[in-house]
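Pasted below: target-v4.txt, compact mmCIF, C-alpha atoms.
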# COMPACT_ATOMS: atom_id res chain seq x y z
CA MET A 1 40.26 -35.25 25.61
CA THR A 2 36.59 -36.01 25.59
CA LYS A 3 35.29 -39.10 27.33
CA PRO A 4 34.41 -42.00 25.02
CA THR A 5 30.71 -41.60 25.87
CA GLN A 6 30.67 -38.01 24.60
CA THR A 7 29.67 -38.76 21.04
CA TYR A 8 28.60 -36.11 18.60
CA LEU A 9 25.00 -36.62 19.80
CA VAL A 10 26.05 -35.76 23.37
CA LEU A 11 27.77 -32.64 22.07
CA ARG A 12 24.67 -31.86 20.03
CA ASP A 13 22.61 -31.89 23.24
CA ILE A 14 25.08 -29.64 25.07
CA VAL A 15 25.00 -26.97 22.34
CA ALA A 16 21.21 -27.30 21.94
CA ASN A 17 20.75 -26.78 25.70
CA ARG A 18 22.90 -23.66 25.58
CA ILE A 19 20.69 -22.31 22.79
CA ARG A 20 17.50 -23.09 24.73
CA GLU A 21 18.91 -21.48 27.87
CA GLY A 22 19.76 -18.31 25.97
CA LYS A 23 23.54 -18.55 26.25
CA TYR A 24 23.61 -18.28 22.46
CA ALA A 25 20.95 -15.83 21.26
CA GLU A 26 19.00 -16.07 18.02
CA TYR A 27 21.10 -15.10 14.99
CA ALA A 28 24.20 -14.76 17.22
CA LYS A 29 27.49 -16.09 15.88
CA LEU A 30 28.76 -19.18 17.67
CA PRO A 31 32.38 -19.35 18.83
CA SER A 32 34.76 -20.64 16.19
CA GLU A 33 34.98 -24.40 15.74
CA ARG A 34 38.41 -24.36 17.35
CA GLU A 35 37.20 -22.41 20.39
CA LEU A 36 34.07 -24.50 20.76
CA ALA A 37 35.99 -27.77 20.45
CA GLU A 38 38.41 -26.65 23.17
CA ASP A 39 35.52 -25.55 25.39
CA LEU A 40 33.76 -28.90 25.00
CA GLN A 41 37.02 -30.87 25.20
CA THR A 42 36.45 -32.66 21.93
CA THR A 43 37.91 -32.84 18.45
CA ARG A 44 36.86 -30.50 15.68
CA LEU A 45 35.78 -33.53 13.64
CA THR A 46 33.34 -34.71 16.33
CA LEU A 47 32.17 -31.15 16.92
CA ARG A 48 31.53 -30.70 13.19
CA ASP A 49 29.31 -33.80 13.23
CA ALA A 50 27.34 -32.31 16.14
CA LEU A 51 26.94 -28.98 14.36
CA LEU A 52 25.84 -30.70 11.16
CA GLN A 53 23.20 -32.56 13.18
CA LEU A 54 21.99 -29.26 14.67
CA GLU A 55 21.96 -27.72 11.20
CA MET A 56 19.81 -30.57 9.92
CA GLU A 57 17.38 -29.92 12.78
CA GLY A 58 17.25 -26.21 11.98
CA LEU A 59 18.86 -25.02 15.24
CA VAL A 60 22.00 -23.55 13.67
CA PHE A 61 23.09 -22.47 10.21
CA ARG A 62 26.40 -21.94 8.49
CA MET A 63 27.47 -19.13 6.19
CA ASP A 64 30.48 -19.67 3.95
CA ARG A 65 33.63 -18.02 5.32
CA ARG A 66 31.60 -16.51 8.18
CA GLY A 67 31.08 -19.40 10.56
CA TRP A 68 28.16 -20.91 12.46
CA PHE A 69 25.15 -18.98 13.77
CA VAL A 70 22.10 -19.70 15.91
CA ALA A 71 18.98 -20.02 13.80
CA GLY A 72 15.89 -17.98 14.60
CA ALA A 73 12.46 -19.48 15.10
CA ARG A 74 10.96 -20.63 11.81
CA LEU A 75 8.81 -18.11 9.98
CA SER A 76 5.18 -19.20 9.83
CA PHE A 77 3.90 -19.24 6.26
CA ASP A 78 0.26 -19.77 5.38
CA PRO A 79 -0.16 -19.79 1.57
CA THR A 80 -3.85 -18.91 1.98
CA GLU A 81 -3.07 -15.58 3.66
CA ASP A 82 -2.14 -12.42 1.79
CA LYS A 83 0.73 -11.52 4.10
CA GLY A 84 3.92 -10.14 2.57
CA PHE A 85 7.49 -10.82 3.64
CA MET A 86 8.01 -7.46 5.35
CA THR A 87 4.81 -7.77 7.39
CA ASN A 88 5.32 -11.42 8.29
CA VAL A 89 8.89 -10.96 9.49
CA SER A 90 7.97 -7.87 11.52
CA LEU A 91 5.08 -9.72 13.18
CA HIS A 92 7.58 -12.35 14.32
CA GLY A 93 9.59 -9.63 16.05
CA HIS A 94 12.47 -9.59 13.58
CA GLU A 95 13.88 -6.99 11.19
CA PRO A 96 13.26 -7.59 7.48
CA GLN A 97 15.61 -6.29 4.79
CA THR A 98 15.22 -6.24 1.01
CA GLU A 99 17.99 -5.59 -1.52
CA LEU A 100 17.14 -5.04 -5.17
CA LEU A 101 19.72 -6.93 -7.22
CA HIS A 102 18.29 -6.58 -10.71
CA CYS A 103 15.57 -4.59 -12.47
CA GLU A 104 15.56 -4.69 -16.24
CA ILE A 105 13.18 -4.77 -19.17
CA GLU A 106 13.74 -8.05 -21.02
CA LYS A 107 12.12 -10.10 -23.75
CA ALA A 108 9.91 -12.82 -22.29
CA PRO A 109 11.27 -16.33 -22.87
CA GLY A 110 8.73 -19.01 -23.64
CA SER A 111 8.31 -20.34 -20.10
CA ILE A 112 7.75 -16.88 -18.59
CA ALA A 113 5.48 -15.83 -21.44
CA ARG A 114 3.30 -18.88 -20.77
CA ALA A 115 3.22 -18.10 -17.06
CA LEU A 116 2.15 -14.50 -17.71
CA LYS A 117 -0.08 -15.49 -20.63
CA ILE A 118 1.58 -13.05 -23.01
CA ALA A 119 3.30 -13.48 -26.37
CA PRO A 120 6.86 -14.82 -26.35
CA GLY A 121 9.30 -11.96 -26.83
CA ALA A 122 6.97 -9.38 -25.28
CA ASP A 123 8.58 -6.86 -22.92
CA ILE A 124 8.63 -7.88 -19.27
CA TYR A 125 10.13 -6.50 -16.12
CA HIS A 126 12.48 -8.94 -14.43
CA LEU A 127 13.16 -8.05 -10.80
CA GLN A 128 15.54 -10.02 -8.62
CA ARG A 129 15.67 -9.30 -4.91
CA LYS A 130 17.57 -10.70 -1.93
CA ARG A 131 15.60 -10.70 1.29
CA SER A 132 17.04 -11.05 4.78
CA ILE A 133 15.96 -11.49 8.37
CA ASN A 134 18.13 -9.73 10.97
CA ASN A 135 20.79 -9.37 8.25
CA ARG A 136 20.74 -13.09 7.43
CA PRO A 137 19.99 -13.59 3.71
CA VAL A 138 17.16 -16.14 3.56
CA LEU A 139 15.70 -16.02 0.05
CA ILE A 140 16.24 -14.96 -3.53
CA GLU A 141 13.17 -14.03 -5.54
CA ASP A 142 12.73 -13.55 -9.26
CA ILE A 143 9.64 -11.54 -10.18
CA PHE A 144 8.28 -11.19 -13.70
CA LEU A 145 5.69 -8.61 -14.75
CA ASN A 146 4.10 -7.55 -18.03
CA ALA A 147 5.96 -4.30 -18.78
CA SER A 148 3.01 -2.81 -20.68
CA ARG A 149 0.91 -2.89 -17.52
CA TYR A 150 3.44 -1.11 -15.29
CA PRO A 151 5.12 1.71 -17.25
CA GLY A 152 8.02 3.34 -15.43
CA LEU A 153 8.27 0.63 -12.78
CA HIS A 154 12.07 0.73 -12.88
CA HIS A 155 11.96 4.31 -11.55
CA VAL A 156 10.11 3.26 -8.38
CA ASN A 157 11.63 2.18 -5.05
CA LEU A 158 11.32 -1.61 -5.15
CA GLU A 159 13.07 -2.48 -1.89
CA GLY A 160 9.87 -2.58 0.13
CA SER A 161 6.49 -4.16 -0.48
CA LEU A 162 5.90 -4.73 -4.20
CA SER A 163 2.19 -5.31 -3.52
CA LEU A 164 1.90 -1.78 -2.11
CA VAL A 165 3.75 -0.34 -5.12
CA LEU A 166 1.44 -2.07 -7.59
CA SER A 167 -1.63 -1.06 -5.58
CA ASP A 168 -0.73 2.55 -4.79
CA ILE A 169 0.84 3.52 -8.12
CA TYR A 170 -0.89 1.27 -10.66
CA GLY A 171 -4.16 0.45 -8.88
CA ALA A 172 -3.45 -3.27 -9.20
CA LYS A 173 -4.57 -5.30 -6.20
CA VAL A 174 -4.16 -9.04 -5.72
CA LYS A 175 -7.44 -10.89 -5.47
CA TYR A 176 -6.04 -14.43 -5.30
CA SER A 177 -2.94 -16.44 -6.15
CA ASP A 178 -2.00 -19.86 -7.46
CA ILE A 179 0.86 -21.23 -5.35
CA GLN A 180 3.14 -24.22 -5.81
CA ILE A 181 5.68 -25.38 -3.21
CA THR A 182 8.54 -27.60 -4.37
CA PRO A 183 11.72 -28.88 -2.66
CA VAL A 184 14.76 -27.98 -4.78
CA ALA A 185 18.44 -27.10 -4.31
CA PHE A 186 20.26 -23.80 -4.69
CA ASN A 187 22.25 -23.28 -7.85
CA THR A 188 25.71 -21.72 -7.82
CA MET A 189 24.50 -18.16 -8.52
CA HIS A 190 21.85 -18.12 -5.78
CA ALA A 191 24.14 -19.90 -3.31
CA LYS A 192 26.80 -17.23 -3.73
CA LEU A 193 24.27 -14.49 -3.01
CA LEU A 194 23.16 -16.25 0.19
CA HIS A 195 26.71 -17.19 1.33
CA ILE A 196 25.94 -20.91 1.27
CA SER A 197 27.20 -23.92 -0.67
CA PRO A 198 25.67 -24.88 -4.03
CA GLY A 199 23.29 -27.80 -3.63
CA THR A 200 22.01 -26.62 -0.23
CA PRO A 201 18.33 -27.64 0.16
CA ALA A 202 15.83 -24.95 -0.77
CA THR A 203 12.09 -24.48 -0.76
CA MET A 204 10.81 -23.03 -4.03
CA ILE A 205 7.52 -21.15 -3.87
CA THR A 206 6.03 -20.29 -7.25
CA ARG A 207 3.22 -17.73 -7.16
CA THR A 208 0.95 -16.44 -9.93
CA SER A 209 -1.13 -13.51 -8.68
CA TYR A 210 -4.41 -12.34 -10.21
CA ASP A 211 -6.55 -9.22 -9.86
CA SER A 212 -10.34 -9.06 -9.49
CA ALA A 213 -10.73 -9.29 -13.29
CA ASN A 214 -8.76 -12.59 -13.30
CA ALA A 215 -5.86 -10.91 -15.12
CA ILE A 216 -2.35 -11.98 -14.14
CA MET A 217 -0.56 -9.29 -12.16
CA GLU A 218 2.80 -10.95 -11.58
CA TYR A 219 4.64 -14.26 -11.61
CA ASP A 220 7.14 -14.93 -8.81
CA GLN A 221 9.74 -17.60 -8.12
CA GLU A 222 10.99 -17.55 -4.53
CA TYR A 223 13.93 -19.68 -3.35
CA TRP A 224 13.95 -19.99 0.45
CA LEU A 225 16.52 -21.57 2.73
CA SER A 226 14.78 -24.73 3.85
CA ASP A 227 15.36 -24.12 7.57
CA VAL A 228 13.56 -20.75 7.59
CA LEU A 229 9.92 -21.54 6.82
CA ARG A 230 7.26 -23.49 8.68
CA ILE A 231 4.30 -24.01 6.36
CA GLU A 232 0.96 -23.92 8.19
CA LEU A 233 -2.47 -24.69 6.79
CA ARG A 234 -5.92 -25.24 8.25
CA THR A 235 -8.14 -27.69 6.41
CA GLN A 236 -11.91 -27.68 6.28
CA LYS A 237 -14.06 -30.66 5.47
CA ARG A 238 -16.20 -30.35 2.40
CA LYS A 239 -19.90 -30.30 3.10

For this file, produce the structure as structure tokens.
Amino acid sequence: MTKPTQTYLVLRDIVANRIREGKYAEYAKLPSERELAEDLQTTRLTLRDALLQLEMEGLVFRMDRRGWFVAGARLSFDPTEDKGFMTNVSLHGHEPQTELLHCEIEKAPGSIARALKIAPGADIYHLQRKRSINNRPVLIEDIFLNASRYPGLHHVNLEGSLSLVLSDIYGAKVKYSDIQITPVAFNTMHAKLLHISPGTPATMITRTSYDSANAIMEYDQEYWLSDVLRIELRTQKRK
């Protein structure tokens, strides 16, 4: 059995060192808890405490019924830059994936109508997409658009860059966006899609995008796993 001095924090350091040394690569699956506990000569209970500590620090992540994995480096996110998910992930040397889960014309409920500045009950497109990095699902996004502005949108491939679709097909280009960032928790539906437990911490990014005429192009609600993003901003003193 493990020595009394080998607390979960000692085990945390051992696993963290293996990650830093490259024994466990980014996004690689760790050995099972049983195998890892035997390797480290500890109990699964103590090992679980060590893994939970590493998860809290963003070094590993867990997927329900799939086990523990090594986390990748956090994705830099600057809200002031117009850099889409596909581009940002690729620039970090990883492979982005997008899966369209839902694309329907619906009647705008009051909250969405207010966000889009249209009449309640007006037709909107509601898109829901799951986005992944190296096959790890990292965010669910709900996108709402005024259907009258984008006729036939549901016939277009929406598993890539939506900005390019709106620009190339409809001539709509984003001039600026209003962004809000809020800590929340995943609900049951989103958690199931991401293979995590309900209540897992999330970062919600709400974005309202405008064109050069100050007309609203789209309203997005993104729900990110909290260990994926690193928000970066540069401030400038007012003159």

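Distances here use only C-alpha atoms; by that measure, the residue among A:Leu127, A:Leu47, A:Val15, A:Ala202 closest to Leu229 (chain A) is A:Ala202.
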
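If you count only C-alpha atoms and ignore residues fewer than 3 places along the chain from region 147-164 of chain A, what sits within 8 Å of it is Gly84, Phe85, Met86, Thr98, Glu99, Leu100, Cys103, Glu104, Ile105, Asp123, Ile124, Tyr125, Arg129, Ser167, Asp168, Tyr170, Lys173 and Val174 of chain A.
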
Exercise. With a distance cut-off of 10 Å and all atoms listed in the file, select the neighbouring residues of Thr46 (chain A), excluding the residue or stretch itself and same-chain residues fewer than 2 positions from it, and output the selection as a list in words.
Key: Thr2, Gln6, Thr7, Tyr8, Leu9, Leu11, Arg12, Ala37, Thr42, Thr43, Arg44, Arg48, Asp49, Ala50, Leu51 and Leu52 of chain A

Mind dumping the selected residues with C-alpha atoms as a PDB file, in the coordinates of the input?
ATOM      1  CA  THR A   2      36.590 -36.010  25.590  1.00  0.00           C
ATOM      2  CA  GLN A   6      30.670 -38.010  24.600  1.00  0.00           C
ATOM      3  CA  THR A   7      29.670 -38.760  21.040  1.00  0.00           C
ATOM      4  CA  TYR A   8      28.600 -36.110  18.600  1.00  0.00           C
ATOM      5  CA  LEU A   9      25.000 -36.620  19.800  1.00  0.00           C
ATOM      6  CA  LEU A  11      27.770 -32.640  22.070  1.00  0.00           C
ATOM      7  CA  ARG A  12      24.670 -31.860  20.030  1.00  0.00           C
ATOM      8  CA  ALA A  37      35.990 -27.770  20.450  1.00  0.00           C
ATOM      9  CA  THR A  42      36.450 -32.660  21.930  1.00  0.00           C
ATOM     10  CA  THR A  43      37.910 -32.840  18.450  1.00  0.00           C
ATOM     11  CA  ARG A  44      36.860 -30.500  15.680  1.00  0.00           C
ATOM     12  CA  ARG A  48      31.530 -30.700  13.190  1.00  0.00           C
ATOM     13  CA  ASP A  49      29.310 -33.800  13.230  1.00  0.00           C
ATOM     14  CA  ALA A  50      27.340 -32.310  16.140  1.00  0.00           C
ATOM     15  CA  LEU A  51      26.940 -28.980  14.360  1.00  0.00           C
ATOM     16  CA  LEU A  52      25.840 -30.700  11.160  1.00  0.00           C
TER      17      LEU A  52
END

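CA of Ile181 (chain A) is found 9.4 Å from CA of Pro79 (chain A).
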
Using all atoms listed in the file, the residue out of A:His102, A:Asp78, A:Gln128, A:Pro120 with shortest distance to Thr235 (chain A) is A:Asp78

Tell me which protein, DNA and RNA residues are within 12 Å of Arg234 (chain A), counting only C-alpha atoms, leaving out same-chain ones fewer than 3 positions away, and put them as an mmCIF file with C-alpha atoms, in the coordinates of the input.
data_model
loop_
_atom_site.group_PDB
_atom_site.id
_atom_site.type_symbol
_atom_site.label_atom_id
_atom_site.label_comp_id
_atom_site.auth_asym_id
_atom_site.auth_seq_id
_atom_site.Cartn_x
_atom_site.Cartn_y
_atom_site.Cartn_z
ATOM 1 C CA PHE A 77 3.900 -19.240 6.260
ATOM 2 C CA ASP A 78 0.260 -19.770 5.380
ATOM 3 C CA PRO A 79 -0.160 -19.790 1.570
ATOM 4 C CA THR A 80 -3.850 -18.910 1.980
ATOM 5 C CA GLU A 81 -3.070 -15.580 3.660
ATOM 6 C CA ILE A 231 4.300 -24.010 6.360
ATOM 7 C CA LYS A 237 -14.060 -30.660 5.470
#

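Residues surrounding region 185-191 of chain A within 8 Å are Ile140, Leu194, His195, Ile196, Ser197, Pro198, Gly199, Thr200, Pro201, Ala202, Thr203 and Tyr223 of chain A [only C-alpha atoms; sequence separation below 3 positions excluded].
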
Pairwise distance, CA of Lys23 (chain A) with CA of Glu55 (chain A), equals 17.7 Å

Min atom-atom distance to Met204 (chain A) from the set A:Ile169, A:Leu101, A:Ile14, A:Leu139, counting only C-alpha atoms, belongs to A:Leu139

Nearest to Arg136 (chain A), restricted to all atoms listed in the file and choosing among A:Ala16, A:Val70, A:Leu233, A:Leu36, comes out as A:Val70
